[in-house]
Amino acid sequence: MIKIIIRRFFTAIKIFLYKLLDPLYILLDKKNVRRTKSISLIPSSFNRRGGTYSYAEWAQVIGIFQTLMYIHLQNKKNNKILDVGSGCGLLLNSSRQFIEPNGEYIGIDVVKDEINFCNSHYPKKYKFEHADALNPYYSSNQNDKLKWSYKDSTFDLVTALSVWTHLNEKDAFFYMGEVNRVLKPGGKAFISFFILDELYDKFILNMSNEKPKYHLLTQKQYIYDQKAYGSSEWFYPKWTSIPERAIGVKKKGFDKLIIENGMKLVEHYQGNWKENPGVFFQDILILEKK
């Protein structure tokens, strides 16, 4: 018991020091940035939340998605971008050069505190709006399936980083329909998933052949063996009692999801969560409205 108390005490001290020193580091680091404008608005550790927390990871992910936007966006300027599950504005930092001078960025999120922060932290020309929708893990809001308030065929790009990894099957289909509706014909969507495909099967097989201690953490996190609400394609790991905390989708279910919602797959960037070389942790799917 004493060891646990001591361990928690030192953990709290480390967290305190990190939060204390991080804003100072950012202030000093900005003076040494020479070749990029993309990281100038990264918030301090007090407001970096979610799966990507460290300053270094924010900078890395910003660069990854900035590169993907350059590769896959037909027009490099004046794009209208809808960022679903915008959180603390991570992908805004990737998007800025593709919006200027006459484009538009709108970030939406079910967590109102995130929206309030973004509206106070980022320039007013970027819009952040609260989506009062229900999500069993992130939000107790009352609107089960909330149709977005944007007109049909409005956006050149919809981004959703770690959003469909928290949606059950019914919500995944509903909101993919919304993605299709608000995209312009030929518009793109960048959406991350945990795809349970052949590489996932190989990953599980390799893991089962390793010594138990080696993959103990991985076993708890990434074995998707529980059916989410009885679905045959949507799964979650047994360590969570709320399926929407971590959702994986079988390849067959993903294919059905995009086909029935009028989207086509342009590129699948495999995630390195399967212990496979990849550009990002989760699978990134580049989709296009037919």
# chains A, B, ... in the order shown; residues from 1 in each chain; ligands from 1
>>> closest_atom_pairs(of="segment 114-226 of chain A", to="segment 273-283 of chain A", cutoff="8 Å", atoms="only C-alpha atoms", output="tab-separated table")
residue	atom	partner	partner_atom	distance
A:Ser162	CA	A:Gln282	CA	7.9
A:Ser192	CA	A:Asp283	CA	5.4
A:Phe193	CA	A:Asp283	CA	5.2
A:Phe194	CA	A:Asp283	CA	5.9
A:Ile195	CA	A:Asp283	CA	6.6
A:Leu199	CA	A:Lys274	CA	7.0
A:Tyr200	CA	A:Lys274	CA	6.0
A:Phe203	CA	A:Lys274	CA	5.7
>>> closest_atom_pairs(of="segment 52-144 of chain A", to="segment 176-188 of chain A", cutoff="10 Å", atoms="only C-alpha atoms", output="CSV")
residue,atom,partner,partner_atom,distance
A:Met69,CA,A:Lys188,CA,9.5
A:His72,CA,A:Lys188,CA,7.8
A:Leu73,CA,A:Lys188,CA,7.3
A:Gln74,CA,A:Gly187,CA,8.9
A:Lys80,CA,A:Leu183,CA,9.6
A:Ile81,CA,A:Leu183,CA,9.4
A:Leu82,CA,A:Val182,CA,8.9
A:Val84,CA,A:Val179,CA,9.4
>>> select_by_dssp(residues="segment 157-224 of chain A", states="strand (DSSP E or B)", output="list in words")
Leu157, Val158, Thr159, Ala160, Leu183, Lys184, Pro185, Gly186, Gly187, Lys188, Ala189, Phe190, Ile191, Ser192, Phe193, Ile195 and Leu196 of chain A
>>> write_last_selection(atoms="N, CA and C atoms", output="short mmCIF file (atom, residue, chain, number, x, y, z; two decimals), in the first residue's frame")
data_model
loop_
_atom_site.label_atom_id
_atom_site.label_comp_id
_atom_site.auth_asym_id
_atom_site.auth_seq_id
_atom_site.Cartn_x
_atom_site.Cartn_y
_atom_site.Cartn_z
N LEU A 157 -13.45 18.68 -48.34
CA LEU A 157 -12.80 17.65 -47.52
C LEU A 157 -13.50 17.54 -46.17
N VAL A 158 -13.73 16.30 -45.75
CA VAL A 158 -14.17 16.02 -44.39
C VAL A 158 -13.08 15.19 -43.72
N THR A 159 -12.64 15.62 -42.55
CA THR A 159 -11.66 14.87 -41.79
C THR A 159 -12.31 14.34 -40.51
N ALA A 160 -11.87 13.17 -40.08
CA ALA A 160 -12.39 12.59 -38.83
C ALA A 160 -11.29 11.71 -38.24
N LEU A 183 -20.35 16.44 -48.61
CA LEU A 183 -19.23 16.55 -49.54
C LEU A 183 -19.70 16.97 -50.93
N LYS A 184 -18.88 17.75 -51.60
CA LYS A 184 -19.10 18.03 -53.01
C LYS A 184 -18.83 16.75 -53.82
N PRO A 185 -19.43 16.61 -54.98
CA PRO A 185 -19.09 15.46 -55.84
C PRO A 185 -17.58 15.43 -56.09
N GLY A 186 -16.98 14.27 -55.85
CA GLY A 186 -15.53 14.16 -55.99
C GLY A 186 -14.76 14.60 -54.77
N GLY A 187 -15.47 15.08 -53.73
CA GLY A 187 -14.82 15.51 -52.51
C GLY A 187 -14.23 14.33 -51.76
N LYS A 188 -13.24 14.61 -50.91
CA LYS A 188 -12.52 13.58 -50.20
C LYS A 188 -12.90 13.56 -48.71
N ALA A 189 -12.70 12.38 -48.10
CA ALA A 189 -12.84 12.22 -46.66
C ALA A 189 -11.63 11.47 -46.14
N PHE A 190 -11.00 11.98 -45.10
CA PHE A 190 -9.90 11.29 -44.41
C PHE A 190 -10.46 10.80 -43.09
N ILE A 191 -10.63 9.49 -42.93
CA ILE A 191 -11.25 8.95 -41.73
C ILE A 191 -10.37 7.83 -41.19
N SER A 192 -10.10 7.83 -39.90
CA SER A 192 -9.27 6.78 -39.31
C SER A 192 -10.14 5.70 -38.68
N PHE A 193 -9.64 4.46 -38.76
CA PHE A 193 -10.35 3.28 -38.26
C PHE A 193 -9.35 2.34 -37.61
N ILE A 195 -9.11 -1.23 -38.58
CA ILE A 195 -9.64 -2.18 -39.56
C ILE A 195 -9.13 -3.59 -39.22
N LEU A 196 -10.06 -4.51 -39.05
CA LEU A 196 -9.73 -5.89 -38.70
C LEU A 196 -9.64 -6.72 -39.98
#
>>> atom_distance(atom1="atom CA of Asn272 of chain A", atom2="atom CA of Lys252 of chain A")
20.5 Å
>>> closest_residue(among="A:Gln97, A:Gln226, A:Asn206, A:Asn168", to="Leu134 of chain A", atoms="only C-alpha atoms")
A:Asn168
>>> closest_residue(among="A:Phe174, A:Phe117, A:Tyr269, A:Tyr126", to="Lys145 of chain A", atoms="only C-alpha atoms")
A:Phe174
>>> residues_around(residues="Thr240 of chain A", least_positions_apart="2", cutoff="12 Å", atoms="only C-alpha atoms", output="PDB file with N, CA and C atoms, in the first residue's frame")
ATOM      1  N   TYR A 137     -19.465   7.066 -24.830  1.00  0.00           N
ATOM      2  CA  TYR A 137     -18.169   7.250 -24.176  1.00  0.00           C
ATOM      3  C   TYR A 137     -17.843   8.723 -23.948  1.00  0.00           C
ATOM      4  N   LYS A 220      -4.369  -6.611 -24.139  1.00  0.00           N
ATOM      5  CA  LYS A 220      -5.482  -5.925 -23.496  1.00  0.00           C
ATOM      6  C   LYS A 220      -6.082  -4.862 -24.402  1.00  0.00           C
ATOM      7  N   GLN A 221      -5.253  -4.212 -25.183  1.00  0.00           N
ATOM      8  CA  GLN A 221      -5.716  -3.063 -25.954  1.00  0.00           C
ATOM      9  C   GLN A 221      -6.307  -3.420 -27.311  1.00  0.00           C
ATOM     10  N   TYR A 222      -5.724  -4.374 -28.011  1.00  0.00           N
ATOM     11  CA  TYR A 222      -6.012  -4.499 -29.435  1.00  0.00           C
ATOM     12  C   TYR A 222      -6.576  -5.846 -29.874  1.00  0.00           C
ATOM     13  N   ILE A 223      -7.041  -6.637 -28.945  1.00  0.00           N
ATOM     14  CA  ILE A 223      -7.758  -7.844 -29.326  1.00  0.00           C
ATOM     15  C   ILE A 223      -9.247  -7.517 -29.339  1.00  0.00           C
ATOM     16  N   TYR A 224      -9.774  -7.354 -30.530  1.00  0.00           N
ATOM     17  CA  TYR A 224     -11.185  -6.988 -30.699  1.00  0.00           C
ATOM     18  C   TYR A 224     -12.004  -8.274 -30.852  1.00  0.00           C
ATOM     19  N   ASP A 225     -12.467  -8.796 -29.718  1.00  0.00           N
ATOM     20  CA  ASP A 225     -13.139 -10.095 -29.743  1.00  0.00           C
ATOM     21  C   ASP A 225     -14.544 -10.069 -29.146  1.00  0.00           C
ATOM     22  N   GLN A 226     -15.042  -8.867 -28.822  1.00  0.00           N
ATOM     23  CA  GLN A 226     -16.385  -8.744 -28.262  1.00  0.00           C
ATOM     24  C   GLN A 226     -17.299  -8.067 -29.283  1.00  0.00           C
ATOM     25  N   ALA A 228     -19.919  -5.735 -30.706  1.00  0.00           N
ATOM     26  CA  ALA A 228     -20.513  -4.471 -30.255  1.00  0.00           C
ATOM     27  C   ALA A 228     -22.014  -4.501 -30.515  1.00  0.00           C
ATOM     28  N   PHE A 235     -16.555  -4.674 -33.494  1.00  0.00           N
ATOM     29  CA  PHE A 235     -16.079  -5.355 -32.290  1.00  0.00           C
ATOM     30  C   PHE A 235     -15.364  -4.376 -31.351  1.00  0.00           C
ATOM     31  N   TYR A 236     -15.236  -4.786 -30.099  1.00  0.00           N
ATOM     32  CA  TYR A 236     -14.493  -4.006 -29.115  1.00  0.00           C
ATOM     33  C   TYR A 236     -13.715  -4.961 -28.206  1.00  0.00           C
ATOM     34  N   PRO A 237     -12.646  -4.485 -27.539  1.00  0.00           N
ATOM     35  CA  PRO A 237     -11.866  -5.359 -26.651  1.00  0.00           C
ATOM     36  C   PRO A 237     -12.545  -5.530 -25.297  1.00  0.00           C
ATOM     37  N   LYS A 238     -12.304  -6.658 -24.653  1.00  0.00           N
ATOM     38  CA  LYS A 238     -13.023  -6.989 -23.430  1.00  0.00           C
ATOM     39  C   LYS A 238     -12.620  -6.120 -22.237  1.00  0.00           C
ATOM     40  N   ILE A 242     -17.592  -0.166 -22.122  1.00  0.00           N
ATOM     41  CA  ILE A 242     -18.312   0.691 -23.060  1.00  0.00           C
ATOM     42  C   ILE A 242     -17.754   0.431 -24.460  1.00  0.00           C
ATOM     43  N   PRO A 243     -18.494  -0.226 -25.326  1.00  0.00           N
ATOM     44  CA  PRO A 243     -17.945  -0.553 -26.650  1.00  0.00           C
ATOM     45  C   PRO A 243     -17.371   0.664 -27.383  1.00  0.00           C
ATOM     46  N   GLU A 244     -18.027   1.813 -27.254  1.00  0.00           N
ATOM     47  CA  GLU A 244     -17.600   2.997 -28.009  1.00  0.00           C
ATOM     48  C   GLU A 244     -16.259   3.568 -27.554  1.00  0.00           C
ATOM     49  N   ARG A 245     -15.695   3.018 -26.510  1.00  0.00           N
ATOM     50  CA  ARG A 245     -14.364   3.479 -26.116  1.00  0.00           C
ATOM     51  C   ARG A 245     -13.307   3.071 -27.140  1.00  0.00           C
ATOM     52  N   ALA A 246     -13.499   1.904 -27.765  1.00  0.00           N
ATOM     53  CA  ALA A 246     -12.556   1.443 -28.794  1.00  0.00           C
ATOM     54  C   ALA A 246     -13.271   0.458 -29.701  1.00  0.00           C
ATOM     55  N   ILE A 247     -13.530   0.864 -30.927  1.00  0.00           N
ATOM     56  CA  ILE A 247     -14.282   0.047 -31.879  1.00  0.00           C
ATOM     57  C   ILE A 247     -13.386  -0.355 -33.052  1.00  0.00           C
TER      58      ILE A 247
END
>>> residues_around(residues="Leu146 of chain A", least_positions_apart="6", cutoff="12 Å", atoms="only C-alpha atoms", output="PyMOL selection string")
chain A and resi 108-110+130-135+171+174-175+177-178
>>> closest_residue(among="A:Ser86, A:Ser38, A:Asn79, A:Asn32", to="Gly50 of chain A", atoms="only C-alpha atoms")
A:Ser86
>>> select_by_dssp(residues="segment 63-211 of chain A", states="helix (DSSP H, G or I)", output="NGL selection string")
:A and (63-72 or 90-99 or 112-121 or 164-166 or 169-182 or 198-209)
>>> atom_distance(atom1="atom CA of Lys76 of chain A", atom2="atom CA of Phe98 of chain A")
5.3 Å
>>> closest_residue(among="A:Leu92, A:Gly248, A:Leu161, A:Tyr138", to="Tyr122 of chain A", atoms="only C-alpha atoms")
A:Leu92
>>> residues_around(residues="Met263 of chain A", least_positions_apart="2", cutoff="9 Å", atoms="only C-alpha atoms", output="number ranges by chain")
A: 176, 180, 257-261, 265, 287-290
>>> residues_around(residues="Tyr25 of chain A", least_positions_apart="4", cutoff="12 Å", atoms="only C-alpha atoms", output="PDB file with C-alpha atoms, in the first residue's frame")
ATOM      1  CA  LEU A  17       6.322  19.497 -13.654  1.00  0.00           C
ATOM      2  CA  TYR A  18       5.422  18.573 -17.225  1.00  0.00           C
ATOM      3  CA  LYS A  19       2.432  20.908 -17.267  1.00  0.00           C
ATOM      4  CA  LEU A  20       4.499  23.640 -15.629  1.00  0.00           C
ATOM      5  CA  LEU A  21       7.465  23.434 -18.008  1.00  0.00           C
ATOM      6  CA  ASP A  29      10.943  26.429 -29.144  1.00  0.00           C
ATOM      7  CA  LYS A  30       8.955  28.826 -31.354  1.00  0.00           C
ATOM      8  CA  LYS A  31      12.016  31.054 -31.584  1.00  0.00           C
ATOM      9  CA  ASN A  32      13.912  28.219 -33.266  1.00  0.00           C
ATOM     10  CA  ILE A  42      -0.063  24.026 -30.926  1.00  0.00           C
ATOM     11  CA  PRO A  43      -1.621  24.533 -27.474  1.00  0.00           C
ATOM     12  CA  SER A  44       0.151  23.777 -24.216  1.00  0.00           C
ATOM     13  CA  SER A  45      -0.215  20.511 -22.306  1.00  0.00           C
ATOM     14  CA  TYR A  55       4.011  18.224 -28.145  1.00  0.00           C
ATOM     15  CA  ALA A  56       6.244  16.050 -30.346  1.00  0.00           C
TER      16      ALA A  56
END
>>> decode(residues="segment 132-158 of chain A", atoms="N, CA and C atoms", output="PDB file, in the first residue's frame")
ATOM      1  N   ASP A 132     -24.387  18.707 -30.586  1.00  0.00           N
ATOM      2  CA  ASP A 132     -25.055  18.216 -29.374  1.00  0.00           C
ATOM      3  C   ASP A 132     -25.581  16.791 -29.587  1.00  0.00           C
ATOM      4  N   ALA A 133     -24.643  15.872 -29.875  1.00  0.00           N
ATOM      5  CA  ALA A 133     -25.013  14.495 -30.202  1.00  0.00           C
ATOM      6  C   ALA A 133     -24.584  13.544 -29.088  1.00  0.00           C
ATOM      7  N   LEU A 134     -25.270  12.433 -29.007  1.00  0.00           N
ATOM      8  CA  LEU A 134     -24.982  11.410 -28.013  1.00  0.00           C
ATOM      9  C   LEU A 134     -23.827  10.526 -28.460  1.00  0.00           C
ATOM     10  N   ASN A 135     -22.911  10.243 -27.519  1.00  0.00           N
ATOM     11  CA  ASN A 135     -21.922   9.194 -27.679  1.00  0.00           C
ATOM     12  C   ASN A 135     -21.703   8.580 -26.308  1.00  0.00           C
ATOM     13  N   PRO A 136     -21.943   7.278 -26.157  1.00  0.00           N
ATOM     14  CA  PRO A 136     -21.887   6.667 -24.832  1.00  0.00           C
ATOM     15  C   PRO A 136     -20.571   6.854 -24.092  1.00  0.00           C
ATOM     16  N   TYR A 137     -19.465   7.066 -24.830  1.00  0.00           N
ATOM     17  CA  TYR A 137     -18.169   7.250 -24.176  1.00  0.00           C
ATOM     18  C   TYR A 137     -17.843   8.723 -23.948  1.00  0.00           C
ATOM     19  N   TYR A 138     -18.113   9.569 -24.937  1.00  0.00           N
ATOM     20  CA  TYR A 138     -17.682  10.952 -24.874  1.00  0.00           C
ATOM     21  C   TYR A 138     -18.764  11.937 -24.429  1.00  0.00           C
ATOM     22  N   SER A 139     -20.016  11.599 -24.626  1.00  0.00           N
ATOM     23  CA  SER A 139     -21.055  12.603 -24.429  1.00  0.00           C
ATOM     24  C   SER A 139     -22.368  11.967 -24.000  1.00  0.00           C
ATOM     25  N   SER A 140     -23.019  12.610 -23.029  1.00  0.00           N
ATOM     26  CA  SER A 140     -24.351  12.159 -22.587  1.00  0.00           C
ATOM     27  C   SER A 140     -25.450  13.034 -23.176  1.00  0.00           C
ATOM     28  N   ASN A 141     -25.124  13.772 -24.228  1.00  0.00           N
ATOM     29  CA  ASN A 141     -26.125  14.617 -24.875  1.00  0.00           C
ATOM     30  C   ASN A 141     -27.299  13.771 -25.367  1.00  0.00           C
ATOM     31  N   GLN A 142     -28.425  14.387 -25.580  1.00  0.00           N
ATOM     32  CA  GLN A 142     -29.668  13.652 -25.811  1.00  0.00           C
ATOM     33  C   GLN A 142     -29.944  13.305 -27.269  1.00  0.00           C
ATOM     34  N   ASN A 143     -29.309  13.969 -28.202  1.00  0.00           N
ATOM     35  CA  ASN A 143     -29.602  13.727 -29.615  1.00  0.00           C
ATOM     36  C   ASN A 143     -28.859  12.482 -30.096  1.00  0.00           C
ATOM     37  N   ASP A 144     -29.607  11.397 -30.284  1.00  0.00           N
ATOM     38  CA  ASP A 144     -29.006  10.117 -30.616  1.00  0.00           C
ATOM     39  C   ASP A 144     -28.236  10.181 -31.923  1.00  0.00           C
ATOM     40  N   LYS A 145     -28.900  10.566 -32.991  1.00  0.00           N
ATOM     41  CA  LYS A 145     -28.250  10.724 -34.289  1.00  0.00           C
ATOM     42  C   LYS A 145     -28.574  12.127 -34.790  1.00  0.00           C
ATOM     43  N   LEU A 146     -27.571  12.976 -34.793  1.00  0.00           N
ATOM     44  CA  LEU A 146     -27.765  14.390 -35.085  1.00  0.00           C
ATOM     45  C   LEU A 146     -27.339  14.709 -36.513  1.00  0.00           C
ATOM     46  N   LYS A 147     -28.303  15.095 -37.333  1.00  0.00           N
ATOM     47  CA  LYS A 147     -27.969  15.512 -38.690  1.00  0.00           C
ATOM     48  C   LYS A 147     -27.215  16.831 -38.634  1.00  0.00           C
ATOM     49  N   TRP A 148     -26.090  16.896 -39.359  1.00  0.00           N
ATOM     50  CA  TRP A 148     -25.288  18.112 -39.346  1.00  0.00           C
ATOM     51  C   TRP A 148     -26.038  19.259 -40.012  1.00  0.00           C
ATOM     52  N   SER A 149     -25.773  20.455 -39.561  1.00  0.00           N
ATOM     53  CA  SER A 149     -26.549  21.626 -39.983  1.00  0.00           C
ATOM     54  C   SER A 149     -26.017  22.267 -41.266  1.00  0.00           C
ATOM     55  N   TYR A 150     -25.239  21.532 -42.043  1.00  0.00           N
ATOM     56  CA  TYR A 150     -24.614  22.100 -43.231  1.00  0.00           C
ATOM     57  C   TYR A 150     -25.333  21.629 -44.495  1.00  0.00           C
ATOM     58  N   LYS A 151     -25.343  22.480 -45.494  1.00  0.00           N
ATOM     59  CA  LYS A 151     -26.047  22.182 -46.730  1.00  0.00           C
ATOM     60  C   LYS A 151     -25.368  21.042 -47.489  1.00  0.00           C
ATOM     61  N   ASP A 152     -26.124  20.411 -48.349  1.00  0.00           N
ATOM     62  CA  ASP A 152     -25.592  19.349 -49.188  1.00  0.00           C
ATOM     63  C   ASP A 152     -24.488  19.896 -50.093  1.00  0.00           C
ATOM     64  N   SER A 153     -23.510  19.050 -50.375  1.00  0.00           N
ATOM     65  CA  SER A 153     -22.447  19.358 -51.348  1.00  0.00           C
ATOM     66  C   SER A 153     -21.739  20.673 -51.029  1.00  0.00           C
ATOM     67  N   THR A 154     -21.300  20.817 -49.780  1.00  0.00           N
ATOM     68  CA  THR A 154     -20.677  22.058 -49.317  1.00  0.00           C
ATOM     69  C   THR A 154     -19.160  21.973 -49.228  1.00  0.00           C
ATOM     70  N   PHE A 155     -18.624  20.820 -48.828  1.00  0.00           N
ATOM     71  CA  PHE A 155     -17.209  20.739 -48.447  1.00  0.00           C
ATOM     72  C   PHE A 155     -16.371  19.967 -49.466  1.00  0.00           C
ATOM     73  N   ASP A 156     -15.113  20.425 -49.580  1.00  0.00           N
ATOM     74  CA  ASP A 156     -14.136  19.727 -50.418  1.00  0.00           C
ATOM     75  C   ASP A 156     -13.511  18.552 -49.664  1.00  0.00           C
ATOM     76  N   LEU A 157     -13.449  18.676 -48.338  1.00  0.00           N
ATOM     77  CA  LEU A 157     -12.798  17.651 -47.523  1.00  0.00           C
ATOM     78  C   LEU A 157     -13.498  17.544 -46.174  1.00  0.00           C
ATOM     79  N   VAL A 158     -13.728  16.304 -45.753  1.00  0.00           N
ATOM     80  CA  VAL A 158     -14.173  16.016 -44.390  1.00  0.00           C
ATOM     81  C   VAL A 158     -13.084  15.192 -43.723  1.00  0.00           C
TER      82      VAL A 158
END
